[in-house]
Structures are given as structure tokens and as C-alpha cells.
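Since the structure comes first, as C-alpha cells, the remarks are kept for the end.
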Amino acid sequence: MALDSKVPQGPIKDKWTDYKNKIDLVNPANKRHIDVIVVGTGLAGGSAAATLAELGYNVKAFAYQDSPRRAHSIAAQGGINAAKNYQGDGDSTYRLFYDTVKGGDYRSREANVYRLAEVSANIIDQCVAQGVPFARDYGGLLDNRSFGGVLVSRTFYAKGQTGQQLLLGAYSAMNRQIARGKIEMFNRHEMLDVVIVDGKARGIIARNLVTGEIERHSAHAVVIASGGYGNVYFLSTNAMGSNVTAGWKVHKKGAYFANPCYTQIHPTCIPRSGDYQSKLTLMSESLRNDGRIWVPKNLEDVKAIKEGSKRPTELTEEQRDYFLERRYPAFGNLVPRDVASRAAKERCDAGYGVNATGEAVYLDFSASFERYGKEQAKIQNISNPSEAKIKELGQGIVKAKYGNLFQIYEKIIDENPYETPMMIYPAVHYTMGGVWVDYNLMTTIPGCYCIGEANFSDHGANRLGASALMQGLADGYFVLPYTIGDYLSDDIRTGKISTQTPEFEAAEKDVTDRIAFFINNKGTRSVDYYHKILGKIMWDKCGMSRNEAGLKEAIEEISALRKDFWQNVNVPGTETEYNEQLAKAGRVADFLELGELFAKDALVREESAGGHFREEHQTEDGEAKRIKEFQFVSAWEYKGEPKDAVLHKEELVYENIEVKERSYK
Ligand SMILES: Cc1cc2nc3c(=O)[nH]c(=O)nc-3n(C[C@H](O)[C@H](O)[C@H](O)COP(=O)(O)OP(=O)(O)OC[C@H]3O[C@@H](n4cnc5c(N)ncnc54)[C@H](O)[C@@H]3O)c2cc1C
């Protein structure tokens with residue numbers, strides 16, 4: 001199948017405007033006759049559902065949590081980018097576009113990214129109008145902070161709870177429509193298949209997670225907004241429930257899946273403490289604005305710290321290696337995420353890791369306490385302040401900026417990060433790969449759209465922060481509501497879609513058969529047993545550092561693990577009750593398929609890109625050599641064993657990104 005990105009012709013800066021001027025529209029009276037299913041009510045799905053309902057469509061929204069407020073988006077801490085240039089530091093739509101394309105290692109679709117940068121400013125206005133309490137500066141204007149890999153301050157934030165506040169905004173907008181009857185909300189419902197009628201997505205099969213009932217839902221279009229699949233690694237900073245199932249089901253029904261192996265590894269997470277851990281916790285990247293990252297220069301000090309005979313605070317400046325400042329003086333601690341992650345791993349692999357597992361470096365705020373403290377003493381006219389007073393004043397400022405993050409850290413590690421430097425280590429955080437979509441955000445199944453983290457289009461091999469929230473909200477508030485209308489304009493006379501058709505029946509049967517299998521298998525091993533093993537294979541062989549031999553092993557190991565899973569998995573309980581293990585079994589079954597595709601993608605992609613370091617392409621100074629672009633799209637329709645994937649390989653012209661436009665034809 002030839003993929004058509006449907007990117008409009010013309011200069012990149014005019015594409016979106018010209019496109020909007022020319023698309024077909026659905027008039028307000030006709031929107032009332034059109035139904036849209038939105039699977040997922042995080043920032044992407046929540047904003048899309050609210051906006052589509054506001055426009056007049058009848059929306060059915062689905063989430064597996066008990067409320068849209070619990071979507072994983074709520075965990076986002078650091079902030080959201082927008083090209084407002086409030087700081088007057090040289091930002092612009094073009095610069096945000098350029099930084100995002102460069103941040104994606106030149107592997108994102110430029111036309112989508114330009115559109116994203118264009119609408120970014122609208123997102124902030126929209127959210128402020130909803131009452132999102134973004135941080136403000138002394139004069140009352142919206143404040144910004146800087147994130148890694150860029151040279152301007154364009155990240156809008158709400159303390160360390162940006163995702164939560166944005167989600168409450170989207171949720172309020174949804175609630176208005178729920179009250180009007182324009183959104184029918186199905187909490188605690190999990191989509192388990194998409195239904196295709198005459199080649200078009202016309203509905204879904206969902207399971208009521210409380211009663212176990214299997215339900216058919218029809219619509220004129222289906223929007224997948226189901227988030228990322230970082231939990232294929234078992235341990236990640238994602239919410240425990242985050243999964244690939246919705247995206248995977250549409251993939252298996254014919255939607256292409258792109259860049260499955262592109263995963264963002266975040267440098268500042270609380271280190272793993274042992275083998276029985278089921279979740280990793282992020283410490284926001286914003287902390288790198290004020291924290292300095294270091295390990296001891298001498299291995300004797302590392303040993304003493306591990307044994308407890310020395311505390312990190314006892315080491316003098318000369319005894320510390322601020323390795324990011326040393327290696328990357330221009331960006332210092334604010335290098336892109338991949339660079340910071342690799343540098344930390346390199347130090348830990350060399351034996352300088354400071355905790356029991358040897359997988360931790362310090363993130364130290366003492367210099368900021370002093371800098372802010374002295375400034376505050378001046379502002380408050382305190383002459384000759386003592387060291388203790390300076391520290392106290394400085395800590396007050398840091399607390400105001402990041403207090404909740406320090407609190408999270410203390411609760412988990414049981415150490416006061418105001419007194420002892422935090423320990424951090426890279427962890428799986430965000431997945432850039434996902435369901436392939438064209439410029440309209442439509443998958444290769446007509447009428448099936450995919451938005452937010454679940455799709456692949458805007459981030460390439462992303463190394464930056466604060467761009468995921470931007471994409472989710474851009475898709476939901478400002479892009480999909482236009483593009484879907486162009487498609488739905490053909491459906492104004494279609495009328496209700498019946499669920500009493502052979503297509504719905506067949507999809508429902510597939511779902512019930514699979515559930516019956518899990519309940520009746522009565523194997524000997526728990527679902528988590530398989531998930532943990534899969535996660536270890538993924539981290540060891542498809543993680544930050546990858547090589548050909550390891551990836552080939554991973555493919556075989558995952559395949560064998562999947563076979564074992566289908567023979568020996570044990571799911572307790574019944575299908576007619578709330579059954580977490582049953583829900584998880586389905587998700588892990590999908591992870592076991594995705595994991596193999598992931599490793600195949602990584603194998604054929606003979607490159608280092610984003611957070612992925614292909615060992616065969618290591619340069620002399622230990623950096624990853626960036627080589628030609630690969631664009632990988634899987635044509636795997638899973639029917640028994642995987643078929644060979646299709647690989648589209650294109651040359652990339654690194655400069656001149658404005659005139660260059662890739663098409664996936
Ligand atoms: C700890 C952490 C911090 C982050 N901080 C930032 C940040 O500061 N800035 C930034 O830009 N990005 C950040 N990110 C990334 C960002 O939070 C996510 O990319 C983004 O929130 C994803 O939004 P989403 O709407 O696509 O998906 P989600 O918020 O994950 O929502 C998914 C929705 O889909 C539903 N769903 C899933 N599967 C099904 C199914 N089968 N059936 C029914 N419903 C389903 C869920 O119930 C949920 O409602 C962070 C990520 C993490 C892990």
C-alpha cells in the first residue's frame with residue numbers, strides 16, 4: 001500500500017491556512033446527525049471530545065478510568081511549550097517549529113510540526129480562558145521557564161502540576177457538554193476492538209469493566225486518543241494502566257503503525273530501588289533549570305558514599321564531576337534529554353553511580369539556594385546575611401517553584417532533598433511511535449483518526465520536553481475539529497449506523513472468545529510474570545543502547561515468551577465482574593506483540609536517533625553518529641505469525657527544512 005501523507009501543497013507557513021480555507025465543512029444543522037466516538041479522555045481525547053461536542057456533533061467518549069480526570073495526562077509536571085515570545089528572547093513560530101523538528105532528530109513530519117507551532121499560542125489562550133492557573137511573574141503576566149535542548153524560555157507551567165491543571169480545564173469543557181447531553185461519557189469502559197463496515201471505521205466493541213458486559217457502539221467516525229505505550233517496558237514513568245491496546249487493535253484491523261521503537265528516555269527519574277518495583281517516578285525536567293548534575297570524580301568517594309561512610313555534601317567542588325557542564329558547556333545541565341540520559345548512563349556504567357544499584361547520579365540544588373538566597377537578601381535589604389539565612393531564603397524560592405516535586409521525592413526516597421542532593425537516573429517516559437496518520441490525523445483506515453501520544457506524526461525521535469502536551473491539545477482543540485469535518489461532510493445523509501450487522505457481530509465474537517480463553521486457560525503463571533520478563537528484555541536489548549545481536553535475541557525471546565503466555569497464563573476470577581487481571585491480560589497480550597514489532601523496527605533502523613544509541617555507530621568520543629533517516633512503517637496485519645515489515649527509507653537533507661517536504665508515497 002502506498003502511504004499518502006496528504007500534506008497540502010504550497011509553502012510550509014501557508015499550508016494550514018490554505019487547507020482550512022478549502023476543506024469541506026459540515027453545517028451546524030447537519031452536525032446534529034453525526035456521531036463520533038472518542039476513545040480516551042486525556043488531554044488529547046478530552047479536548048477533542050469537548051470541542052467536537054461544542055461544534056454540535058454527538059460524541060461518545062470512553063475511558064478505562066473512573067473519570068477523565070484520572071487520565072495519565074494528569075501526571076505531566078513540567079510544562080507546555082508555546083511560541084508566545086513573552087520573554088522577548090527571540091522566540092517565534094518558526095523557531096519553535098525548527099527546535100521541534102531538530103529535537104525530533106529531523107524525523108518528524110515538518111508540515112505537522114509547523115502547524116503545531118502555529119496553533120501553540122492559541123492553546124495557551126484557550127487554557128487561560130478556561131481558568132488554568134498558569135504560573136505568573138511578579139507583574140502578573142504568564143511566566144515561562146526553559147526546557148532542555150532549546151535556547152529560549154517558552155515553557156508555560158503550573159508549578160509541577162501542569163498536566164493536572166490542563167486536564168481540569170479540558171475536563172470542565174467536557175463536563176459542560178456532558179451536562180448538555182452532547183457528550184455521552186462511558187467511564188470504566190475499555191475499547192477492545194474497532195468495527196469496520198464497508199472499509200470505514202463505524203464503531204467499537206467495548207467492555208464495561210465493572211460488570212464485564214460487552215457492548216457495541218456505532219458512530220460515523222472513531223477517534224483513538226489512548227495515550228502512549230511506554231509500559232511495554234514494564235517499568236516506566238507512565239501511569240500503571242497506560243497501554244497500547246486501542247492503537248494495537250486498529251493496527252491489527254489494517255491501520256499502519258509507525259516508528260514503534262522511538263521511545264523517549266527521561267534523564268531525571270527517581271532511580272529503581274530493587275526487583276519488586278512496579279512503577280518509576282519522574283522528577284520534572286524543569287528541575288534542570290536550577291539543579292546541577294554530578295557524580296564524584298574519584299571512585300574512592302563513590303565507594304565511601306555507597307558504604308555510608310561519606311555524605312555527598314561532604315565532597316568539595318573539586319571532588320565533584322559536573323559532567324554535563326564539563327562536556328557540553330553551551331547547554332550545560334539543559335542539554336536535550338537523550339544527551340543527558342546517555343551521559344548519566346555512561347558515568348554509571350563506568351562505576352560512578354552513587355546508590356546501591358549503581359544507577360544514580362546527583363541532582364544538586366545547593367548552588368541555586370545560594371544564588372537565589374543572595375538575591376533575596378538584597379531584595380529584602382538584609383545586610384551581611386549569614387550562610388544559614390542565605391540558604392533559607394534560597395530554599396524558599398526553590399520551594400515556591402518546585403515544592404511538590406521535592407515533596408514527592410522525600411516521600412519516595414525518605415531523604416530531604418533540601419539537605420541532600422536528589423538522586424536521579426534515566427527511565428522510559430514517552431513513546432513517539434504510534435499509529436500512522438496523515439496530515440488530517442486519519443489512520444490508513446478511513447474514518448479512524450488517531451491523536452495525542454497514540455499517533456506518530458509530530459515528534460520523530462523526540463529529545464525534548466513540553467511538546468507532548470502541546471501536541472495533544474493542538475490535535476484535540478485545534479486540528480482534528482477541522483480535519484474530521486472534511487471527512488464527515490460525506491456522511492450527512494448516512495443516518496444512524498446500525499450495530500446489528502455481521503461486522504459488529506464478528507468483532508464482538510472475537511472479543512468474547514479472547515476473554516473466554518483467558519478465564520478458562522487456568523495456567524500456572526500470572527500476567528505480571530510475563531510483563532516483567534518482557535520489560536526486562538525490552539530495557540536490556542531495546543533500551544537506550546541497542547545492537548544488532550541483542551535485538552535479534554530480543555525478537556526470539558519475545559516470540560518464545562508470547563507462546564508461553566498463550567499456553568500458561570493464569571487469569572483468576574470471572575468475566576462478569578470487575579477483574580483487573582483480566583483487563584491486564586489483554587493489555588499484556590498486546591504488549592507482547594508490540595514488543596516484537598518494536599525490536600524489529602529497532603533492528604532494521606541502523607541508526608542512532610533520539611534516545612536510542614546504536615552501538616555499531618558509536619563515534620570515538622562516545623557520542624552517537626547520526627546517520628541517514630529511516631522511516632519505518634509496519635504493514636503487519638497480525639494473523640498468526642508476523643509478516644515482514646515494510647521499510648520506507650528516505651534521504652534526509654538536514655538543512656533547508658523549510659523547502660523540503662517529505663511524502664510517504
Ligand atoms: C510523568 C510524566 C510527566 C510528563 N510531563 C510532561 C510535561 O511536563 N510536558 C509535556 O509536554 N509532556 C509531558 N509528559 C507526556 C504527556 O503527559 C503525555 O504525552 C500526554 O499527557 C498524553 O496525553 P494523551 O491524551 O495522548 O493520553 P493519556 O493522557 O494517557 O490519556 C489516554 C486516555 O485513553 C484512555 N484509554 C486508553 N486505552 C483505552 C481503551 N482501550 N479503551 C478506552 N479508553 C482507553 C484512558 O482511559 C485515558 O483517558 C509527561 C509524561 C509522563 C509519564
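Just remember, in the C-alpha cells the first chain shown is A, the second B, etc., residues are 1-based per chain, and ligands are 1-based in the order shown.
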
TODO: Residues up to 6 Å from ligand 1, counting only C-alpha atoms and all ligand atoms: could you list those as number ranges by chain?
DONE: A: 39-45, 62-65, 68, 71-73, 75-80, 189-192, 225-228, 237-238, 245-246, 282, 429, 452-454, 465-470, 472

Could you give me, as a tab-separated table, every segment 180-290 of chain A residue with an atom at most 10 Å from segment 480-489 of chain A, plus its closest atom pair and distance in Å to one decimal, counting only C-alpha atoms, rows ordered by chain then number?
residue	atom	partner	partner_atom	distance
A:His220	CA	A:Leu488	CA	7.4
A:Ala221	CA	A:Leu488	CA	7.7
A:Val222	CA	A:Ile484	CA	10.0
A:Val223	CA	A:Leu480	CA	9.2

Quick one: everything within 9 Å of segment 536-538 of chain A, counting only C-alpha atoms, minus sequence neighbours fewer than 4 positions away in the same chain. Send it as a list in words.
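After dropping sequence-adjacent residues, the list is Val232, Tyr233, Phe234, Leu235, His531, Lys532, Cys542, Gly543, Ala554, Glu557, Ile558, Gly595, Phe598 and Ala599 of chain A.
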
I need the residues from that last selection saved to file as an mmCIF file, in the first residue's frame (with N, CA, C and O atoms), if you can.
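Wrote out.cif, looks like this:
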data_model
loop_
_atom_site.group_PDB
_atom_site.id
_atom_site.type_symbol
_atom_site.label_atom_id
_atom_site.label_comp_id
_atom_site.auth_asym_id
_atom_site.auth_seq_id
_atom_site.Cartn_x
_atom_site.Cartn_y
_atom_site.Cartn_z
ATOM 1 N N VAL A 232 5.271 -0.974 27.845
ATOM 2 C CA VAL A 232 5.796 -2.197 27.241
ATOM 3 C C VAL A 232 7.111 -2.566 27.946
ATOM 4 O O VAL A 232 7.526 -3.720 27.961
ATOM 5 N N TYR A 233 7.742 -1.563 28.577
ATOM 6 C CA TYR A 233 8.980 -1.788 29.324
ATOM 7 C C TYR A 233 8.718 -2.231 30.773
ATOM 8 O O TYR A 233 9.656 -2.292 31.565
ATOM 9 N N PHE A 234 7.483 -2.458 31.123
ATOM 10 C CA PHE A 234 7.050 -2.747 32.489
ATOM 11 C C PHE A 234 7.338 -1.552 33.403
ATOM 12 O O PHE A 234 6.428 -0.913 33.887
ATOM 13 N N LEU A 235 8.610 -1.231 33.616
ATOM 14 C CA LEU A 235 8.913 -0.063 34.447
ATOM 15 C C LEU A 235 8.986 1.178 33.571
ATOM 16 O O LEU A 235 9.753 1.216 32.611
ATOM 17 N N HIS A 531 4.751 -9.849 31.982
ATOM 18 C CA HIS A 531 5.007 -8.418 31.733
ATOM 19 C C HIS A 531 6.413 -8.037 32.220
ATOM 20 O O HIS A 531 7.154 -7.328 31.549
ATOM 21 N N LYS A 532 6.785 -8.560 33.386
ATOM 22 C CA LYS A 532 8.107 -8.240 33.941
ATOM 23 C C LYS A 532 9.226 -8.756 33.042
ATOM 24 O O LYS A 532 10.214 -8.067 32.796
ATOM 25 N N CYS A 542 16.390 -3.457 23.966
ATOM 26 C CA CYS A 542 15.783 -2.421 23.094
ATOM 27 C C CYS A 542 15.678 -1.114 23.867
ATOM 28 O O CYS A 542 14.760 -0.328 23.647
ATOM 29 N N GLY A 543 16.585 -0.894 24.793
ATOM 30 C CA GLY A 543 16.513 0.306 25.628
ATOM 31 C C GLY A 543 17.363 1.425 25.064
ATOM 32 O O GLY A 543 17.379 1.660 23.860
ATOM 33 N N ALA A 554 16.382 -10.371 21.232
ATOM 34 C CA ALA A 554 15.118 -9.873 21.788
ATOM 35 C C ALA A 554 13.940 -10.397 20.982
ATOM 36 O O ALA A 554 12.930 -10.842 21.544
ATOM 37 N N GLU A 557 13.411 -13.986 21.870
ATOM 38 C CA GLU A 557 12.955 -14.168 23.258
ATOM 39 C C GLU A 557 11.498 -13.726 23.430
ATOM 40 O O GLU A 557 10.721 -14.372 24.129
ATOM 41 N N ILE A 558 11.152 -12.625 22.788
ATOM 42 C CA ILE A 558 9.764 -12.138 22.936
ATOM 43 C C ILE A 558 8.797 -13.121 22.273
ATOM 44 O O ILE A 558 7.725 -13.418 22.803
ATOM 45 N N GLY A 595 5.964 -5.569 21.396
ATOM 46 C CA GLY A 595 7.383 -5.663 21.752
ATOM 47 C C GLY A 595 8.206 -6.258 20.622
ATOM 48 O O GLY A 595 9.316 -5.801 20.328
ATOM 49 N N PHE A 598 8.481 -3.773 17.816
ATOM 50 C CA PHE A 598 9.376 -2.742 18.329
ATOM 51 C C PHE A 598 10.828 -3.148 18.068
ATOM 52 O O PHE A 598 11.644 -2.383 17.513
ATOM 53 N N ALA A 599 11.161 -4.385 18.447
ATOM 54 C CA ALA A 599 12.546 -4.851 18.289
ATOM 55 C C ALA A 599 12.902 -4.983 16.810
ATOM 56 O O ALA A 599 14.035 -4.694 16.404
#

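From atom CA of Phe97 of chain A back to atom CA of Asp14 of chain A, the distance works out to 13.7 Å.
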
| message | I need the residues of segment 431-554 of chain A that end up classed as alpha helix (DSSP H) by DSSP on the backbone, written out as a PyMOL selection string. | response | chain A and resi 468-473+480-488+502-521+527-542+548-554

Using only C-alpha atoms, find each residue of segment 407-438 of chain A with at least one atom at most 12 Å away from an atom of segment 325-338 of chain A; report its shortest atom-to-atom pair and that distance in Å (one decimal), sort the rows by chain and rising residue number, and return the result as JSON lines.
{"residue": "A:Tyr425", "atom": "CA", "partner": "A:Arg337", "partner_atom": "CA", "distance": 11.6}
{"residue": "A:Pro426", "atom": "CA", "partner": "A:Arg337", "partner_atom": "CA", "distance": 9.0}
{"residue": "A:Ala427", "atom": "CA", "partner": "A:Arg337", "partner_atom": "CA", "distance": 10.7}
{"residue": "A:Val428", "atom": "CA", "partner": "A:Asp338", "partner_atom": "CA", "distance": 11.2}
{"residue": "A:His429", "atom": "CA", "partner": "A:Arg337", "partner_atom": "CA", "distance": 10.6}
{"residue": "A:Tyr430", "atom": "CA", "partner": "A:Arg337", "partner_atom": "CA", "distance": 11.5}

Min atom-atom distance to Thr357 of chain A from the set A:Met423, A:Ile533, A:Met544, A:Val244, counting only C-alpha atoms, belongs to A:Met423

One decimal place gives the atom CA of Ser153 of chain A-atom CA of Ile265 of chain A separation as 22.2 Å

Next item on the list: Step one, run DSSP on the backbone; step two, keep only residues of segment 565-626 of chain A assigned to strand (DSSP E or B); then write them as an MDAnalysis selection string.
Entry: chainID A and resid 569 609 612:614 618 624

Export of the given selection (N, CA and C atoms) as an mmCIF file, in the first residue's frame:
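This went into selection.cif:
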data_model
loop_
_atom_site.group_PDB
_atom_site.id
_atom_site.type_symbol
_atom_site.label_atom_id
_atom_site.label_comp_id
_atom_site.auth_asym_id
_atom_site.auth_seq_id
_atom_site.Cartn_x
_atom_site.Cartn_y
_atom_site.Cartn_z
ATOM 1 N N VAL A 569 -0.703 -18.734 30.789
ATOM 2 C CA VAL A 569 -1.138 -17.587 31.592
ATOM 3 C C VAL A 569 -2.330 -17.972 32.477
ATOM 4 N N ALA A 609 19.254 7.570 16.985
ATOM 5 C CA ALA A 609 18.347 8.709 16.850
ATOM 6 C C ALA A 609 17.622 8.895 18.162
ATOM 7 N N HIS A 612 17.978 6.688 21.331
ATOM 8 C CA HIS A 612 18.464 5.351 21.002
ATOM 9 C C HIS A 612 19.867 5.400 20.474
ATOM 10 N N PHE A 613 20.661 4.644 21.087
ATOM 11 C CA PHE A 613 22.077 4.658 20.788
ATOM 12 C C PHE A 613 22.430 3.335 20.149
ATOM 13 N N ARG A 614 22.693 3.361 18.839
ATOM 14 C CA ARG A 614 23.034 2.114 18.158
ATOM 15 C C ARG A 614 24.537 1.910 18.319
ATOM 16 N N GLN A 618 28.825 4.081 17.177
ATOM 17 C CA GLN A 618 29.432 4.917 18.196
ATOM 18 C C GLN A 618 30.641 5.646 17.595
ATOM 19 N N ALA A 624 26.756 9.307 19.688
ATOM 20 C CA ALA A 624 26.125 8.517 18.636
ATOM 21 C C ALA A 624 26.286 9.223 17.302
#

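Here atom CA of Lys60 of chain A and atom CA of Asp458 of chain A stand 26.2 Å from one another.
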
Distance criterion (only C-alpha atoms): nearest to Leu287 of chain A out of A:Leu299, A:Leu55, A:Val398, A:Leu315:
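Of all the options, A:Val398 lies closest to Leu287 of chain A.
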
Long-range neighbours of Lys399 of chain A as a VMD selection string, 12 Å cut-off, only C-alpha atoms, 6 positions minimum in chain: chain A and resid 159 to 160 287 290 365 368 to 369 372 391 to 393 405 to 407 417 to 418

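Minimum distance to Leu209 of chain A across A:Thr576, A:Gln164, A:Ser172, A:Thr494 (counting only C-alpha atoms) occurs at A:Thr576.
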
Using only C-alpha atoms, which protein or nucleic acid residues come within 10 Å of Lys15 of chain A? Drop anything in the same chain fewer than 5 positions from it, and give the result as a VMD selection string. chain A and resid 7 to 10 20 to 21 111 to 112 114 to 115

**Report entry** Contact residues around segment 584-591 of chain A with only C-alpha atoms at 9 Å, ignoring same-chain residues under 6 positions, as a PyMOL selection string
**Finding:** chain A and resi 192+229+231-233+241+243-245+248-249+514-515+518+526-528+530-531+534+562+565-566+569-571

Can I get the selection written as a JSON list (two decimals), in the first residue's frame, with N, CA, C and O atoms?
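To be explicit, this is the file written out as result13.json:
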[["chain", "number", "residue", "atom", "x", "y", "z"],
["A", 192, "LEU", "N", -12.11, -2.70, 23.03],
["A", 192, "LEU", "CA", -11.36, -3.91, 22.76],
["A", 192, "LEU", "C", -11.31, -4.26, 21.27],
["A", 192, "LEU", "O", -10.63, -5.20, 20.88],
["A", 229, "TYR", "N", 2.58, 4.00, 25.02],
["A", 229, "TYR", "CA", 2.74, 2.59, 25.37],
["A", 229, "TYR", "C", 4.06, 2.30, 26.06],
["A", 229, "TYR", "O", 4.61, 1.20, 25.96],
["A", 231, "ASN", "N", 4.69, 1.48, 28.86],
["A", 231, "ASN", "CA", 4.64, 0.35, 29.80],
["A", 231, "ASN", "C", 4.99, -0.98, 29.14],
["A", 231, "ASN", "O", 5.02, -2.01, 29.82],
["A", 232, "VAL", "N", 5.27, -0.97, 27.84],
["A", 232, "VAL", "CA", 5.80, -2.20, 27.24],
["A", 232, "VAL", "C", 7.11, -2.57, 27.95],
["A", 232, "VAL", "O", 7.53, -3.72, 27.96],
["A", 233, "TYR", "N", 7.74, -1.56, 28.58],
["A", 233, "TYR", "CA", 8.98, -1.79, 29.32],
["A", 233, "TYR", "C", 8.72, -2.23, 30.77],
["A", 233, "TYR", "O", 9.66, -2.29, 31.56],
["A", 241, "GLY", "N", -1.81, 2.02, 34.28],
["A", 241, "GLY", "CA", -2.79, 1.49, 33.32],
["A", 241, "GLY", "C", -2.45, 1.80, 31.86],
["A", 241, "GLY", "O", -3.09, 1.25, 30.96],
["A", 243, "ASN", "N", -1.47, 1.78, 28.20],
["A", 243, "ASN", "CA", -1.31, 0.55, 27.41],
["A", 243, "ASN", "C", -1.47, 0.85, 25.93],
["A", 243, "ASN", "O", -1.81, 1.97, 25.54],
["A", 244, "VAL", "N", -1.25, -0.17, 25.12],
["A", 244, "VAL", "CA", -1.28, 0.05, 23.67],
["A", 244, "VAL", "C", -2.55, -0.50, 23.02],
["A", 244, "VAL", "O", -2.75, -0.37, 21.82],
["A", 245, "THR", "N", -3.42, -1.10, 23.82],
["A", 245, "THR", "CA", -4.50, -1.92, 23.24],
["A", 245, "THR", "C", -5.32, -1.22, 22.15],
["A", 245, "THR", "O", -5.50, -1.78, 21.06],
["A", 248, "TRP", "N", -3.30, -0.75, 19.10],
["A", 248, "TRP", "CA", -2.92, -2.05, 18.55],
["A", 248, "TRP", "C", -4.08, -2.71, 17.82],
["A", 248, "TRP", "O", -3.93, -3.36, 16.80],
["A", 249, "LYS", "N", -5.28, -2.53, 18.39],
["A", 249, "LYS", "CA", -6.45, -3.16, 17.75],
["A", 249, "LYS", "C", -6.70, -2.53, 16.38],
["A", 249, "LYS", "O", -7.02, -3.24, 15.43],
["A", 514, "ARG", "N", -11.75, -14.21, 23.11],
["A", 514, "ARG", "CA", -10.45, -13.99, 23.76],
["A", 514, "ARG", "C", -10.62, -13.93, 25.28],
["A", 514, "ARG", "O", -9.82, -14.49, 26.03],
["A", 515, "ILE", "N", -11.67, -13.27, 25.72],
["A", 515, "ILE", "CA", -11.91, -13.18, 27.16],
["A", 515, "ILE", "C", -12.15, -14.59, 27.73],
["A", 515, "ILE", "O", -11.60, -14.96, 28.78],
["A", 518, "PHE", "N", -8.91, -16.43, 28.24],
["A", 518, "PHE", "CA", -8.14, -16.04, 29.43],
["A", 518, "PHE", "C", -8.73, -16.67, 30.70],
["A", 518, "PHE", "O", -8.01, -17.19, 31.54],
["A", 526, "SER", "N", 1.29, -15.86, 36.42],
["A", 526, "SER", "CA", 0.49, -14.63, 36.46],
["A", 526, "SER", "C", 0.79, -13.74, 35.25],
["A", 526, "SER", "O", 1.83, -13.89, 34.60],
["A", 527, "VAL", "N", -0.11, -12.82, 34.99],
["A", 527, "VAL", "CA", 0.08, -11.87, 33.88],
["A", 527, "VAL", "C", 1.34, -11.04, 34.13],
["A", 527, "VAL", "O", 2.15, -10.81, 33.23],
["A", 528, "ASP", "N", 1.54, -10.62, 35.38],
["A", 528, "ASP", "CA", 2.71, -9.80, 35.70],
["A", 528, "ASP", "C", 4.02, -10.53, 35.48],
["A", 528, "ASP", "O", 5.03, -9.91, 35.16],
["A", 530, "TYR", "N", 4.77, -12.40, 33.03],
["A", 530, "TYR", "CA", 5.14, -12.19, 31.63],
["A", 530, "TYR", "C", 5.52, -10.73, 31.36],
["A", 530, "TYR", "O", 6.45, -10.43, 30.63],
["A", 531, "HIS", "N", 4.75, -9.85, 31.98],
["A", 531, "HIS", "CA", 5.01, -8.42, 31.73],
["A", 531, "HIS", "C", 6.41, -8.04, 32.22],
["A", 531, "HIS", "O", 7.15, -7.33, 31.55],
["A", 534, "LEU", "N", 9.04, -9.43, 29.85],
["A", 534, "LEU", "CA", 9.04, -8.63, 28.62],
["A", 534, "LEU", "C", 9.77, -7.30, 28.87],
["A", 534, "LEU", "O", 10.62, -6.88, 28.08],
["A", 562, "ARG", "N", 5.85, -15.01, 24.19],
["A", 562, "ARG", "CA", 4.45, -14.88, 23.79],
["A", 562, "ARG", "C", 3.80, -16.26, 23.68],
["A", 562, "ARG", "O", 2.67, -16.48, 24.11],
["A", 565, "PHE", "N", 3.10, -17.46, 27.08],
["A", 565, "PHE", "CA", 1.96, -16.70, 27.64],
["A", 565, "PHE", "C", 0.65, -17.36, 27.21],
["A", 565, "PHE", "O", -0.23, -17.62, 28.03],
["A", 566, "TRP", "N", 0.50, -17.64, 25.92],
["A", 566, "TRP", "CA", -0.77, -18.17, 25.44],
["A", 566, "TRP", "C", -1.01, -19.61, 25.92],
["A", 566, "TRP", "O", -2.12, -20.11, 25.89],
["A", 569, "VAL", "N", -0.70, -18.73, 30.79],
["A", 569, "VAL", "CA", -1.14, -17.59, 31.59],
["A", 569, "VAL", "C", -2.33, -17.97, 32.48],
["A", 569, "VAL", "O", -3.18, -18.77, 32.09],
["A", 570, "ASN", "N", -2.32, -17.37, 33.65],
["A", 570, "ASN", "CA", -3.41, -17.64, 34.59],
["A", 570, "ASN", "C", -4.14, -16.34, 34.90],
["A", 570, "ASN", "O", -3.53, -15.37, 35.34],
["A", 571, "VAL", "N", -5.45, -16.35, 34.65],
["A", 571, "VAL", "CA", -6.26, -15.17, 34.99],
["A", 571, "VAL", "C", -7.32, -15.61, 35.98],
["A", 571, "VAL", "O", -8.23, -16.36, 35.63]]

Of A:Trp539, A:Phe323, A:Tyr276, A:Tyr262, the one nearest to Arg292 of chain A when counting only C-alpha atoms is A:Phe323
